[in-house]
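Here is the structure we will look at, set down as C-alpha cells.
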Amino acid sequence: MPFESVRKLADADFPTRWGHFRILGFEGLLAAPDPANAPAPARRVETAVALIMGDVTTPEPPIVRVHSQCLTGDVFHSLRCDCRQQLELALAAIADARRGILVYENKEGRGIGLMAKLQAYELQDQGLDTVEANLTLGFKADCREYELPAAILKLLGVESVRLITNNPEKVAALEAAGITVAERISAEVPPEPTFERYLQTKQEKMGHLVS
C-alpha cells in the first residue's frame, strides 16, 4: 500500500559503541484506499528510525540494513532467533565502511506484533515451526512490507544500496519500490543450537539464503 506522505520528525547526534551516527525519526501516513473499494479502512501511521553514518548521498551505493524490531532478540539477547546478531553484524559493517544506513522498522515478529509473537513462541514450544505458528494464529508467514524503508531511502537521496540481508523478498520489495540493490551482502551469522530449526525454516519455507 503506498504512502500518502513520509516526513522526518527528528534528527539528533547518536554516539554508539560502533561509532558516531545520526539518529533520524520518520513517520509515514498510509494513503487512503480507493473509495470504490469499500469498506475503506482507516488511515494508519507507521514509524521507523534510521541510523546514518557518513555521507550517504555520494554516487557509490551505501551499505544498508533494513532491520525489523525484535524486542526479545535486540534487547533481551534471545537465542530463539538470530536478530540481535544480524543487527550487530550490520552496525559493525557500516562502521567498518564509515558510511551506511540502518533502517529500524517497527515490525515486531515479522509484522504480527509483540503479543502475537509471544503466542507464536508458545506454539513453537508445542512443536510448530515459526511459519506454522504464524499461520495457526491467522497471520501470513511474513506480514512485513517494505514501502516505508524504501520511501525513507528516497527521502535521504539514496537510490542504490548494498543491502545486508538473507531475504530475497526484501531485495525484490526494494527493487519494486524503485531502489536499486547493487549488491546483496550476506547477513548470515554463526548458528546457535537454540535457533538451528528457526534458520532451517527460513531457508526451506521462506527462501532465505542461508547455508
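Residue names in the C-alpha cells use chain letters A, B, ... in the order shown, residue numbers from 1 in each chain, and ligand numbers from 1 in the order shown.
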Please provide the set of residues having any atom within 9 Å of segment 99-116 of chain A, restricted to only C-alpha atoms, with same-chain residues fewer than 5 positions apart removed, written as a PDB file with N, CA and C atoms, in the first residue's frame.
ATOM      1  N   GLU A  46       2.682   4.782  10.295  1.00  0.00           N
ATOM      2  CA  GLU A  46       3.798   3.908  10.625  1.00  0.00           C
ATOM      3  C   GLU A  46       5.026   4.753  10.911  1.00  0.00           C
ATOM      4  N   THR A  47       5.890   4.240  11.790  1.00  0.00           N
ATOM      5  CA  THR A  47       7.111   4.951  12.133  1.00  0.00           C
ATOM      6  C   THR A  47       8.320   4.046  11.964  1.00  0.00           C
ATOM      7  N   ALA A  48       9.461   4.662  11.759  1.00  0.00           N
ATOM      8  CA  ALA A  48      10.720   3.934  11.652  1.00  0.00           C
ATOM      9  C   ALA A  48      11.849   4.876  12.036  1.00  0.00           C
ATOM     10  N   VAL A  49      12.981   4.279  12.388  1.00  0.00           N
ATOM     11  CA  VAL A  49      14.174   5.029  12.773  1.00  0.00           C
ATOM     12  C   VAL A  49      15.277   4.706  11.776  1.00  0.00           C
ATOM     13  N   ALA A  50      16.099   5.698  11.465  1.00  0.00           N
ATOM     14  CA  ALA A  50      17.268   5.457  10.610  1.00  0.00           C
ATOM     15  C   ALA A  50      18.519   5.925  11.336  1.00  0.00           C
ATOM     16  N   LEU A  51      19.504   5.031  11.438  1.00  0.00           N
ATOM     17  CA  LEU A  51      20.834   5.386  11.936  1.00  0.00           C
ATOM     18  C   LEU A  51      21.723   5.594  10.724  1.00  0.00           C
ATOM     19  N   ILE A  52      22.342   6.762  10.634  1.00  0.00           N
ATOM     20  CA  ILE A  52      23.129   7.120   9.461  1.00  0.00           C
ATOM     21  C   ILE A  52      24.546   7.479   9.877  1.00  0.00           C
ATOM     22  N   MET A  53      25.509   6.912   9.159  1.00  0.00           N
ATOM     23  CA  MET A  53      26.915   7.252   9.371  1.00  0.00           C
ATOM     24  C   MET A  53      27.511   7.723   8.048  1.00  0.00           C
ATOM     25  N   GLY A  54      28.205   8.840   8.081  1.00  0.00           N
ATOM     26  CA  GLY A  54      28.896   9.339   6.901  1.00  0.00           C
ATOM     27  C   GLY A  54      27.968   9.965   5.880  1.00  0.00           C
ATOM     28  N   ASP A  55      28.536  10.279   4.718  1.00  0.00           N
ATOM     29  CA  ASP A  55      27.793  10.889   3.626  1.00  0.00           C
ATOM     30  C   ASP A  55      27.209   9.787   2.757  1.00  0.00           C
ATOM     31  N   VAL A  56      25.898   9.613   2.800  1.00  0.00           N
ATOM     32  CA  VAL A  56      25.261   8.513   2.065  1.00  0.00           C
ATOM     33  C   VAL A  56      24.727   8.970   0.709  1.00  0.00           C
ATOM     34  N   PRO A  61      26.925   3.310  -3.904  1.00  0.00           N
ATOM     35  CA  PRO A  61      25.821   2.871  -3.045  1.00  0.00           C
ATOM     36  C   PRO A  61      26.283   2.606  -1.619  1.00  0.00           C
ATOM     37  N   PRO A  62      25.588   3.133  -0.627  1.00  0.00           N
ATOM     38  CA  PRO A  62      25.968   2.866   0.763  1.00  0.00           C
ATOM     39  C   PRO A  62      25.500   1.485   1.215  1.00  0.00           C
ATOM     40  N   ILE A  63      26.161   0.973   2.252  1.00  0.00           N
ATOM     41  CA  ILE A  63      25.670  -0.236   2.917  1.00  0.00           C
ATOM     42  C   ILE A  63      24.379   0.110   3.636  1.00  0.00           C
ATOM     43  N   VAL A  64      23.373  -0.732   3.468  1.00  0.00           N
ATOM     44  CA  VAL A  64      22.068  -0.503   4.101  1.00  0.00           C
ATOM     45  C   VAL A  64      21.571  -1.807   4.710  1.00  0.00           C
ATOM     46  N   ARG A  65      21.021  -1.698   5.894  1.00  0.00           N
ATOM     47  CA  ARG A  65      20.324  -2.812   6.536  1.00  0.00           C
ATOM     48  C   ARG A  65      18.917  -2.335   6.894  1.00  0.00           C
ATOM     49  N   VAL A  66      17.892  -3.066   6.442  1.00  0.00           N
ATOM     50  CA  VAL A  66      16.520  -2.825   6.893  1.00  0.00           C
ATOM     51  C   VAL A  66      16.243  -3.885   7.949  1.00  0.00           C
ATOM     52  N   HIS A  67      16.153  -3.452   9.200  1.00  0.00           N
ATOM     53  CA  HIS A  67      16.066  -4.384  10.324  1.00  0.00           C
ATOM     54  C   HIS A  67      14.708  -4.248  10.999  1.00  0.00           C
ATOM     55  N   SER A  68      14.018  -5.371  11.150  1.00  0.00           N
ATOM     56  CA  SER A  68      12.721  -5.368  11.826  1.00  0.00           C
ATOM     57  C   SER A  68      12.907  -5.496  13.326  1.00  0.00           C
ATOM     58  N   GLN A  69      12.172  -4.683  14.049  1.00  0.00           N
ATOM     59  CA  GLN A  69      12.254  -4.684  15.514  1.00  0.00           C
ATOM     60  C   GLN A  69      12.103  -6.096  16.069  1.00  0.00           C
ATOM     61  N   CYS A  70      12.953  -6.443  17.023  1.00  0.00           N
ATOM     62  CA  CYS A  70      12.866  -7.725  17.726  1.00  0.00           C
ATOM     63  C   CYS A  70      13.215  -7.454  19.186  1.00  0.00           C
ATOM     64  N   LEU A  71      12.218  -7.141  19.984  1.00  0.00           N
ATOM     65  CA  LEU A  71      12.454  -6.844  21.401  1.00  0.00           C
ATOM     66  C   LEU A  71      13.181  -7.992  22.087  1.00  0.00           C
ATOM     67  N   LEU A  87      21.739  -7.631  13.694  1.00  0.00           N
ATOM     68  CA  LEU A  87      21.783  -6.190  13.977  1.00  0.00           C
ATOM     69  C   LEU A  87      23.221  -5.750  14.242  1.00  0.00           C
ATOM     70  N   ALA A  90      25.350  -5.801  11.091  1.00  0.00           N
ATOM     71  CA  ALA A  90      25.084  -4.652  10.222  1.00  0.00           C
ATOM     72  C   ALA A  90      25.740  -3.385  10.747  1.00  0.00           C
ATOM     73  N   LEU A  91      25.631  -3.140  12.033  1.00  0.00           N
ATOM     74  CA  LEU A  91      26.239  -1.941  12.607  1.00  0.00           C
ATOM     75  C   LEU A  91      27.757  -1.981  12.476  1.00  0.00           C
ATOM     76  N   ALA A  93      29.427  -3.587  10.103  1.00  0.00           N
ATOM     77  CA  ALA A  93      29.764  -3.410   8.690  1.00  0.00           C
ATOM     78  C   ALA A  93      29.685  -1.940   8.290  1.00  0.00           C
ATOM     79  N   ILE A  94      28.672  -1.245   8.767  1.00  0.00           N
ATOM     80  CA  ILE A  94      28.541   0.187   8.478  1.00  0.00           C
ATOM     81  C   ILE A  94      29.701   0.953   9.097  1.00  0.00           C
ATOM     82  N   TYR A 121       5.588 -18.076  20.020  1.00  0.00           N
ATOM     83  CA  TYR A 121       6.610 -18.787  20.794  1.00  0.00           C
ATOM     84  C   TYR A 121       5.985 -19.996  21.519  1.00  0.00           C
ATOM     85  N   ASN A 134       2.671 -18.875  12.917  1.00  0.00           N
ATOM     86  CA  ASN A 134       2.014 -17.675  12.390  1.00  0.00           C
ATOM     87  C   ASN A 134       0.707 -18.025  11.685  1.00  0.00           C
ATOM     88  N   LEU A 137      -2.100 -18.831  14.027  1.00  0.00           N
ATOM     89  CA  LEU A 137      -2.654 -17.637  14.665  1.00  0.00           C
ATOM     90  C   LEU A 137      -3.448 -16.771  13.687  1.00  0.00           C
ATOM     91  N   PHE A 139      -2.210 -15.445  10.747  1.00  0.00           N
ATOM     92  CA  PHE A 139      -1.376 -14.489  10.021  1.00  0.00           C
ATOM     93  C   PHE A 139      -0.719 -15.159   8.822  1.00  0.00           C
ATOM     94  N   LYS A 140      -0.151 -14.349   7.938  1.00  0.00           N
ATOM     95  CA  LYS A 140       0.726 -14.876   6.903  1.00  0.00           C
ATOM     96  C   LYS A 140       2.051 -15.282   7.541  1.00  0.00           C
ATOM     97  N   ALA A 141       2.836 -16.047   6.813  1.00  0.00           N
ATOM     98  CA  ALA A 141       4.150 -16.431   7.323  1.00  0.00           C
ATOM     99  C   ALA A 141       4.993 -15.201   7.619  1.00  0.00           C
ATOM    100  N   ASP A 142       4.855 -14.165   6.785  1.00  0.00           N
ATOM    101  CA  ASP A 142       5.588 -12.906   6.966  1.00  0.00           C
ATOM    102  C   ASP A 142       4.653 -11.770   6.566  1.00  0.00           C
ATOM    103  N   CYS A 143       4.300 -10.923   7.520  1.00  0.00           N
ATOM    104  CA  CYS A 143       3.343  -9.840   7.272  1.00  0.00           C
ATOM    105  C   CYS A 143       4.021  -8.517   6.933  1.00  0.00           C
ATOM    106  N   ARG A 144       5.337  -8.523   6.783  1.00  0.00           N
ATOM    107  CA  ARG A 144       6.042  -7.274   6.550  1.00  0.00           C
ATOM    108  C   ARG A 144       5.946  -6.816   5.105  1.00  0.00           C
ATOM    109  N   GLU A 145       5.925  -5.490   4.952  1.00  0.00           N
ATOM    110  CA  GLU A 145       6.087  -4.844   3.658  1.00  0.00           C
ATOM    111  C   GLU A 145       7.162  -3.782   3.847  1.00  0.00           C
ATOM    112  N   TYR A 146       7.739  -3.344   2.759  1.00  0.00           N
ATOM    113  CA  TYR A 146       8.934  -2.502   2.886  1.00  0.00           C
ATOM    114  C   TYR A 146       8.796  -1.152   2.183  1.00  0.00           C
ATOM    115  N   LEU A 148       7.805   1.712   3.531  1.00  0.00           N
ATOM    116  CA  LEU A 148       8.326   2.815   4.346  1.00  0.00           C
ATOM    117  C   LEU A 148       9.847   2.895   4.299  1.00  0.00           C
ATOM    118  N   PRO A 149      10.595   1.800   4.478  1.00  0.00           N
ATOM    119  CA  PRO A 149      12.051   1.905   4.325  1.00  0.00           C
ATOM    120  C   PRO A 149      12.465   2.438   2.959  1.00  0.00           C
ATOM    121  N   ILE A 152      11.886   6.127   2.910  1.00  0.00           N
ATOM    122  CA  ILE A 152      12.898   6.813   3.720  1.00  0.00           C
ATOM    123  C   ILE A 152      14.199   6.944   2.944  1.00  0.00           C
ATOM    124  N   LEU A 153      14.609   5.879   2.284  1.00  0.00           N
ATOM    125  CA  LEU A 153      15.842   5.936   1.495  1.00  0.00           C
ATOM    126  C   LEU A 153      15.738   6.996   0.403  1.00  0.00           C
TER     127      LEU A 153
END
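Residues surrounding Ala151 of chain A within 10 Å are A:Pro2, A:Phe3, A:Ser5, A:Val6, A:Arg7, A:Phe26, A:Gly28, A:Tyr146, A:Glu147, A:Leu148, A:Lys154, A:Leu155, A:Leu156, A:Gly157, A:Val158, A:Leu174, A:Ala177, A:Gly178, A:Ile179 [only C-alpha atoms; sequence separation below 3 positions excluded].
With only C-alpha atoms as the atoms that count, the residue of A:Thr136, A:Gln124, A:Ser78, A:Gln86 with the shortest distance to Ala187 of chain A is A:Gln86.
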Practice problem: Determine which residues of chain A DSSP labels as alpha helix (DSSP H) from the backbone of this structure, then write them out as a PyMOL selection string. | Solution: chain A and resi 83-97+108-111+114-125+130-136+147-155+168-176+196-206
Those residues you just picked out, can you put them in a file as a tab-separated table (two decimals), in the first residue's frame with C-alpha atoms?
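What follows is the written file out25.tsv:
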chain	number	residue	atom	x	y	z
A	83	CYS	CA	18.07	-10.99	15.06
A	84	ARG	CA	20.48	-9.39	17.51
A	85	GLN	CA	23.48	-11.00	15.84
A	86	GLN	CA	22.31	-9.65	12.47
A	87	LEU	CA	21.78	-6.19	13.98
A	88	GLU	CA	25.31	-6.15	15.38
A	89	LEU	CA	26.74	-7.51	12.12
A	90	ALA	CA	25.08	-4.65	10.22
A	91	LEU	CA	26.24	-1.94	12.61
A	92	ALA	CA	29.80	-3.30	12.51
A	93	ALA	CA	29.76	-3.41	8.69
A	94	ILE	CA	28.54	0.19	8.48
A	95	ALA	CA	31.17	1.26	11.00
A	96	ASP	CA	33.92	-0.53	9.07
A	97	ALA	CA	32.86	1.27	5.89
A	108	GLU	CA	7.90	-7.00	15.65
A	109	GLY	CA	7.54	-10.70	14.91
A	110	ARG	CA	7.66	-10.33	11.11
A	111	GLY	CA	4.89	-7.76	11.44
A	114	LEU	CA	4.78	-8.49	20.19
A	115	MET	CA	1.88	-10.28	21.92
A	116	ALA	CA	1.13	-12.43	18.88
A	117	LYS	CA	4.83	-13.20	18.60
A	118	LEU	CA	4.86	-14.46	22.19
A	119	GLN	CA	1.81	-16.59	21.41
A	120	ALA	CA	3.75	-17.93	18.43
A	121	TYR	CA	6.61	-18.79	20.79
A	122	GLU	CA	4.16	-20.82	22.87
A	123	LEU	CA	3.03	-22.73	19.79
A	124	GLN	CA	6.65	-23.33	18.82
A	125	ASP	CA	7.26	-24.81	22.26
A	130	THR	CA	7.74	-20.26	13.01
A	131	VAL	CA	5.73	-20.38	9.79
A	132	GLU	CA	3.23	-22.92	11.14
A	133	ALA	CA	2.79	-20.85	14.32
A	134	ASN	CA	2.01	-17.68	12.39
A	135	LEU	CA	-0.48	-19.47	10.15
A	136	THR	CA	-2.17	-21.09	13.16
A	147	GLU	CA	7.35	0.62	1.39
A	148	LEU	CA	8.33	2.82	4.35
A	149	PRO	CA	12.05	1.90	4.33
A	150	ALA	CA	12.12	2.49	0.56
A	151	ALA	CA	10.41	5.86	0.99
A	152	ILE	CA	12.90	6.81	3.72
A	153	LEU	CA	15.84	5.94	1.50
A	154	LYS	CA	14.41	8.08	-1.29
A	155	LEU	CA	13.83	10.95	1.14
A	168	PRO	CA	15.22	-12.35	-1.31
A	169	GLU	CA	11.77	-10.82	-0.72
A	170	LYS	CA	13.42	-7.78	0.86
A	171	VAL	CA	15.62	-7.33	-2.19
A	172	ALA	CA	12.61	-7.68	-4.51
A	173	ALA	CA	10.50	-5.26	-2.45
A	174	LEU	CA	13.12	-2.50	-2.53
A	175	GLU	CA	13.68	-3.03	-6.25
A	176	ALA	CA	9.92	-2.87	-6.88
A	196	GLU	CA	19.05	-24.03	14.17
A	197	ARG	CA	15.43	-25.03	13.40
A	198	TYR	CA	14.48	-21.36	13.08
A	199	LEU	CA	17.14	-20.89	10.38
A	200	GLN	CA	16.19	-24.15	8.67
A	201	THR	CA	12.56	-22.99	8.46
A	202	LYS	CA	13.59	-19.64	6.99
A	203	GLN	CA	15.67	-21.45	4.38
A	204	GLU	CA	13.21	-24.21	3.45
A	205	LYS	CA	9.87	-22.39	3.73
A	206	MET	CA	10.76	-18.73	3.14
Practice problem: Go ahead and compute the interatomic distance for atom CA of Leu29 of chain A and atom CA of Ala10 of chain A, in Å to one decimal. | Solution: 16.2 Å
Quiz item: Looking only at the backbone, which of the residues in segment 15-207 of chain A does DSSP tag as strand (DSSP E or B), as a ChimeraX atom specification?
Solution: /A:15-16,19-30,45-53,63-68,100-105,160-164,180-185
Hey, can you spit out that residue selection with N, CA and C atoms as a CSV table (one decimal), in the first residue's frame?
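Output contents, as saved in selection00.csv:
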chain,number,residue,atom,x,y,z
A,15,PRO,N,25.9,8.8,19.4
A,15,PRO,CA,27.1,8.0,19.6
A,15,PRO,C,26.8,6.6,20.1
A,16,THR,N,27.5,5.6,19.5
A,16,THR,CA,27.3,4.2,19.9
A,16,THR,C,28.7,3.5,20.1
A,19,GLY,N,30.4,3.5,16.8
A,19,GLY,CA,30.9,4.7,16.2
A,19,GLY,C,29.8,5.8,16.3
A,20,HIS,N,30.0,6.9,15.6
A,20,HIS,CA,29.1,8.0,15.7
A,20,HIS,C,28.1,8.0,14.6
A,21,PHE,N,26.8,8.0,14.9
A,21,PHE,CA,25.7,8.0,13.9
A,21,PHE,C,24.9,9.3,14.1
A,22,ARG,N,24.0,9.6,13.2
A,22,ARG,CA,22.9,10.4,13.4
A,22,ARG,C,21.7,9.5,13.5
A,23,ILE,N,20.7,9.8,14.4
A,23,ILE,CA,19.5,9.1,14.5
A,23,ILE,C,18.4,9.9,14.1
A,24,LEU,N,17.6,9.4,13.1
A,24,LEU,CA,16.5,10.2,12.5
A,24,LEU,C,15.2,9.4,12.7
A,25,GLY,N,14.2,10.1,13.0
A,25,GLY,CA,12.9,9.5,13.2
A,25,GLY,C,12.0,9.9,12.0
A,26,PHE,N,11.2,8.9,11.5
A,26,PHE,CA,10.4,9.2,10.3
A,26,PHE,C,8.9,8.7,10.6
A,27,GLU,N,8.0,9.3,10.0
A,27,GLU,CA,6.6,9.0,10.1
A,27,GLU,C,6.0,8.9,8.7
A,28,GLY,N,5.3,7.8,8.5
A,28,GLY,CA,4.7,7.6,7.2
A,28,GLY,C,3.2,7.5,7.4
A,29,LEU,N,2.4,8.2,6.5
A,29,LEU,CA,0.9,8.1,6.6
A,29,LEU,C,0.5,7.3,5.4
A,30,LEU,N,-0.2,6.2,5.7
A,30,LEU,CA,-0.6,5.3,4.6
A,30,LEU,C,-1.7,5.9,3.8
A,45,VAL,N,-0.8,5.3,10.6
A,45,VAL,CA,0.5,5.9,10.7
A,45,VAL,C,1.6,4.8,11.0
A,46,GLU,N,2.7,4.8,10.3
A,46,GLU,CA,3.8,3.9,10.6
A,46,GLU,C,5.0,4.8,10.9
A,47,THR,N,5.9,4.2,11.8
A,47,THR,CA,7.1,5.0,12.1
A,47,THR,C,8.3,4.0,12.0
A,48,ALA,N,9.5,4.7,11.8
A,48,ALA,CA,10.7,3.9,11.7
A,48,ALA,C,11.8,4.9,12.0
A,49,VAL,N,13.0,4.3,12.4
A,49,VAL,CA,14.2,5.0,12.8
A,49,VAL,C,15.3,4.7,11.8
A,50,ALA,N,16.1,5.7,11.5
A,50,ALA,CA,17.3,5.5,10.6
A,50,ALA,C,18.5,5.9,11.3
A,51,LEU,N,19.5,5.0,11.4
A,51,LEU,CA,20.8,5.4,11.9
A,51,LEU,C,21.7,5.6,10.7
A,52,ILE,N,22.3,6.8,10.6
A,52,ILE,CA,23.1,7.1,9.5
A,52,ILE,C,24.5,7.5,9.9
A,53,MET,N,25.5,6.9,9.2
A,53,MET,CA,26.9,7.3,9.4
A,53,MET,C,27.5,7.7,8.0
A,63,ILE,N,26.2,1.0,2.3
A,63,ILE,CA,25.7,-0.2,2.9
A,63,ILE,C,24.4,0.1,3.6
A,64,VAL,N,23.4,-0.7,3.5
A,64,VAL,CA,22.1,-0.5,4.1
A,64,VAL,C,21.6,-1.8,4.7
A,65,ARG,N,21.0,-1.7,5.9
A,65,ARG,CA,20.3,-2.8,6.5
A,65,ARG,C,18.9,-2.3,6.9
A,66,VAL,N,17.9,-3.1,6.4
A,66,VAL,CA,16.5,-2.8,6.9
A,66,VAL,C,16.2,-3.9,7.9
A,67,HIS,N,16.2,-3.5,9.2
A,67,HIS,CA,16.1,-4.4,10.3
A,67,HIS,C,14.7,-4.2,11.0
A,68,SER,N,14.0,-5.4,11.2
A,68,SER,CA,12.7,-5.4,11.8
A,68,SER,C,12.9,-5.5,13.3
A,100,GLY,N,26.9,4.4,5.9
A,100,GLY,CA,25.8,3.5,5.7
A,100,GLY,C,24.6,3.9,6.5
A,101,ILE,N,23.6,3.1,6.3
A,101,ILE,CA,22.3,3.4,6.9
A,101,ILE,C,21.7,2.1,7.5
A,102,LEU,N,21.2,2.2,8.7
A,102,LEU,CA,20.4,1.1,9.3
A,102,LEU,C,19.0,1.6,9.5
A,103,VAL,N,18.0,1.1,8.8
A,103,VAL,CA,16.6,1.5,9.0
A,103,VAL,C,16.0,0.4,9.9
A,104,TYR,N,15.5,0.9,11.0
A,104,TYR,CA,14.9,0.0,12.1
A,104,TYR,C,13.4,0.2,12.0
A,105,GLU,N,12.7,-0.9,11.6
A,105,GLU,CA,11.3,-0.8,11.4
A,105,GLU,C,10.6,-1.3,12.6
A,160,SER,N,20.4,3.8,-4.7
A,160,SER,CA,21.0,2.5,-4.9
A,160,SER,C,21.7,2.1,-3.6
A,161,VAL,N,21.7,0.8,-3.3
A,161,VAL,CA,22.2,0.3,-2.0
A,161,VAL,C,22.9,-1.0,-2.1
A,162,ARG,N,23.8,-1.2,-1.1
A,162,ARG,CA,24.4,-2.5,-0.9
A,162,ARG,C,23.7,-3.1,0.3
A,163,LEU,N,22.8,-4.0,0.1
A,163,LEU,CA,21.8,-4.4,1.1
A,163,LEU,C,22.3,-5.6,1.9
A,164,ILE,N,22.3,-5.5,3.2
A,164,ILE,CA,22.7,-6.6,4.1
A,164,ILE,C,21.4,-7.4,4.4
A,180,THR,N,17.5,0.6,-6.3
A,180,THR,CA,18.4,-0.4,-6.9
A,180,THR,C,19.2,-1.1,-5.9
A,181,VAL,N,19.2,-2.5,-5.8
A,181,VAL,CA,20.1,-3.2,-4.9
A,181,VAL,C,21.3,-3.6,-5.8
A,182,ALA,N,22.3,-2.8,-5.6
A,182,ALA,CA,23.5,-3.0,-6.4
A,182,ALA,C,24.3,-4.3,-6.0
A,183,GLU,N,24.1,-4.6,-4.7
A,183,GLU,CA,24.8,-5.8,-4.1
A,183,GLU,C,24.0,-6.3,-2.9
A,184,ARG,N,23.9,-7.6,-2.8
A,184,ARG,CA,23.4,-8.2,-1.6
A,184,ARG,C,24.5,-8.7,-0.8
A,185,ILE,N,24.6,-8.2,0.5
A,185,ILE,CA,25.7,-8.7,1.4
A,185,ILE,C,25.0,-9.7,2.4
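Reported to one decimal place, the separation of atom CA of Pro191 of chain A from atom CA of Asp82 of chain A is 7.8 Å.
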